[in-house]
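Colleague: Have a look at this one.
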Amino acid sequence: MTVGNFITIGQLSARTGVAVSALRFYEERGLLQSLRTSGNQRRFMRSDIRRVSFILIAQKLGLALSEIEEQLKALPNERTPNLSDWQRISRSMRAAIDEKMTLLTRTRNQLDQCIGCGCLSLDKCRLYNKDDRMGLKGPGPRAILG
């Protein structure tokens with residue numbers, strides 16, 4: 001084990017801003033894999049900084065931990081993931097990210113108007129959703145969720 005290629009859990013925590021307890025949780029879930037020293041201390045590959053960064057970004061995008069796990073399974077554990085590995089994950093996530101971007105844009109554009117929830121409490125709702133027509137399309141905020 002070359003020392004320069006590996007970092008402690010504390011160093012990984014400091015570099016990523018993720019609590020040590022969360023890193024242990026990620027390891028339990030199989031999102032990260034550590035090596036153990038002769039003193040049973042965890043050592044992570046320096047490239048795990050990128051894995052944790054990916055987890056943080058994916059969570060901010062609203063991906064469930066199970067979705068993140070699925071994506072990270074595609075990365076090699078025996079070596080540092082390369083550009084091709086990350087591009088493969090990016091391509092596989094593109095549709096889900098585009099879907100979330102569409103929903104966010106639609107939400108941003110509709111939020112100050114009728115969102116089709118059926119409350120009819122705003123004056124605009126009486127125009128956009130007269131007599132709660134959107135309720136016929138199903139429950140919830142129909143103008144946003146479709």
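Residues are named by chain letter and number: chains run A, B, ... in the order of the structure tokens, numbers start at 1 in each chain, and ligands are numbered from 1 in the order shown.
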For the helix (DSSP H, G or I) assignment from backbone DSSP, which residues of chain A qualify? Please present them as a ChimeraX atom specification.

Modeller: /A:3-5,9-16,20-29,48-60,65-72,83-110,123-128,130-137,142-145

Colleague: Excluding Arg46 in chain A and its own-chain neighbours fewer than 2 positions away, which residues fall within 7 Å of it when counting only C-alpha atoms? Please give them as a list in words.

Modeller: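 Counting only C-alpha atoms, the residues come to Asn5, Phe6, Ile7, Phe44, Asp48 and Ile49 of chain A.
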
Colleague: Any idea what's packed within 9 Å of range 84-98 of chain A, counting only C-alpha atoms, ignoring anything in its chain fewer than 4 positions away? Could you give it as a list in words?

Modeller: Leu61, Leu63, Gln71, Leu72, Ala74, Leu75, Pro76, Thr102 and Leu103 of chain A

Colleague: Hey, what's within 12 Å of Arg29 in chain A if we count only C-alpha atoms and toss same-chain stuff fewer than 3 positions away? As a list in words, please?

Modeller: Ala22, Leu23, Arg24, Phe25, Tyr26, Leu32, Gln33, Leu65, Ser66, Ile68, Glu69, Glu70, Leu72 and Lys73 of chain A

Colleague: Only N, CA and C atoms, please: the residues just picked out, written as a tab-separated table (two decimals), in the first residue's frame.

Modeller:
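Below is the file result_27.tsv, written as the result:
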chain	number	residue	atom	x	y	z
A	22	ALA	N	-21.05	9.42	8.10
A	22	ALA	CA	-21.67	9.23	6.78
A	22	ALA	C	-20.76	8.40	5.87
A	23	LEU	N	-19.46	8.63	5.95
A	23	LEU	CA	-18.52	7.85	5.14
A	23	LEU	C	-18.57	6.38	5.55
A	24	ARG	N	-18.68	6.11	6.84
A	24	ARG	CA	-18.82	4.73	7.31
A	24	ARG	C	-20.11	4.11	6.77
A	25	PHE	N	-21.18	4.91	6.79
A	25	PHE	CA	-22.47	4.45	6.25
A	25	PHE	C	-22.33	4.13	4.76
A	26	TYR	N	-21.69	5.01	4.00
A	26	TYR	CA	-21.47	4.76	2.57
A	26	TYR	C	-20.68	3.47	2.37
A	32	LEU	N	-18.46	2.93	-1.02
A	32	LEU	CA	-17.02	3.11	-0.86
A	32	LEU	C	-16.43	1.80	-0.37
A	33	GLN	N	-15.16	1.63	-0.65
A	33	GLN	CA	-14.47	0.43	-0.17
A	33	GLN	C	-13.13	0.86	0.40
A	65	LEU	N	-30.48	6.96	-2.85
A	65	LEU	CA	-29.23	6.26	-2.57
A	65	LEU	C	-29.15	4.95	-3.37
A	66	SER	N	-30.28	4.29	-3.56
A	66	SER	CA	-30.28	3.05	-4.35
A	66	SER	C	-29.88	3.32	-5.80
A	68	ILE	N	-27.92	5.79	-6.78
A	68	ILE	CA	-26.49	6.12	-6.72
A	68	ILE	C	-25.67	4.84	-6.61
A	69	GLU	N	-26.13	3.93	-5.75
A	69	GLU	CA	-25.45	2.64	-5.60
A	69	GLU	C	-25.35	1.92	-6.94
A	70	GLU	N	-26.46	1.92	-7.66
A	70	GLU	CA	-26.50	1.24	-8.96
A	70	GLU	C	-25.47	1.82	-9.92
A	72	LEU	N	-22.68	3.51	-9.10
A	72	LEU	CA	-21.32	3.29	-8.63
A	72	LEU	C	-20.86	1.84	-8.80
A	73	LYS	N	-21.81	0.91	-8.92
A	73	LYS	CA	-21.45	-0.49	-9.17
A	73	LYS	C	-20.71	-0.65	-10.50

Colleague: Taking the DSSP assignment computed from this structure's backbone, write out as a PyMOL selection string all residues of chain A that belong to strand (DSSP E or B).

Modeller: chain A and resi 6-8+35-36+42-45

Colleague: Go ahead and write the residues just picked, N, CA and C atoms, as a short mmCIF file (atom, residue, chain, number, x, y, z; two decimals), in the first residue's frame.

Modeller:
data_model
loop_
_atom_site.label_atom_id
_atom_site.label_comp_id
_atom_site.auth_asym_id
_atom_site.auth_seq_id
_atom_site.Cartn_x
_atom_site.Cartn_y
_atom_site.Cartn_z
N PHE A 6 -3.21 6.70 -0.77
CA PHE A 6 -4.27 6.42 0.19
C PHE A 6 -4.40 7.53 1.21
N ILE A 7 -5.62 7.71 1.70
CA ILE A 7 -5.90 8.73 2.72
C ILE A 7 -6.73 8.11 3.83
N THR A 8 -6.68 8.73 4.98
CA THR A 8 -7.45 8.24 6.12
C THR A 8 -8.91 8.68 5.97
N LEU A 35 -9.46 -0.11 2.51
CA LEU A 35 -8.49 -1.15 2.86
C LEU A 35 -8.19 -0.95 4.33
N ARG A 36 -7.73 -1.99 5.00
CA ARG A 36 -7.40 -1.88 6.42
C ARG A 36 -5.90 -2.03 6.62
N ARG A 42 -8.96 2.32 8.63
CA ARG A 42 -9.42 2.44 7.25
C ARG A 42 -8.47 3.31 6.44
N ARG A 43 -8.25 2.91 5.20
CA ARG A 43 -7.52 3.73 4.23
C ARG A 43 -8.34 3.71 2.94
N PHE A 44 -8.55 4.89 2.41
CA PHE A 44 -9.30 5.02 1.17
C PHE A 44 -8.37 5.47 0.06
N MET A 45 -8.70 5.08 -1.16
CA MET A 45 -7.92 5.56 -2.29
C MET A 45 -8.20 7.06 -2.45
#
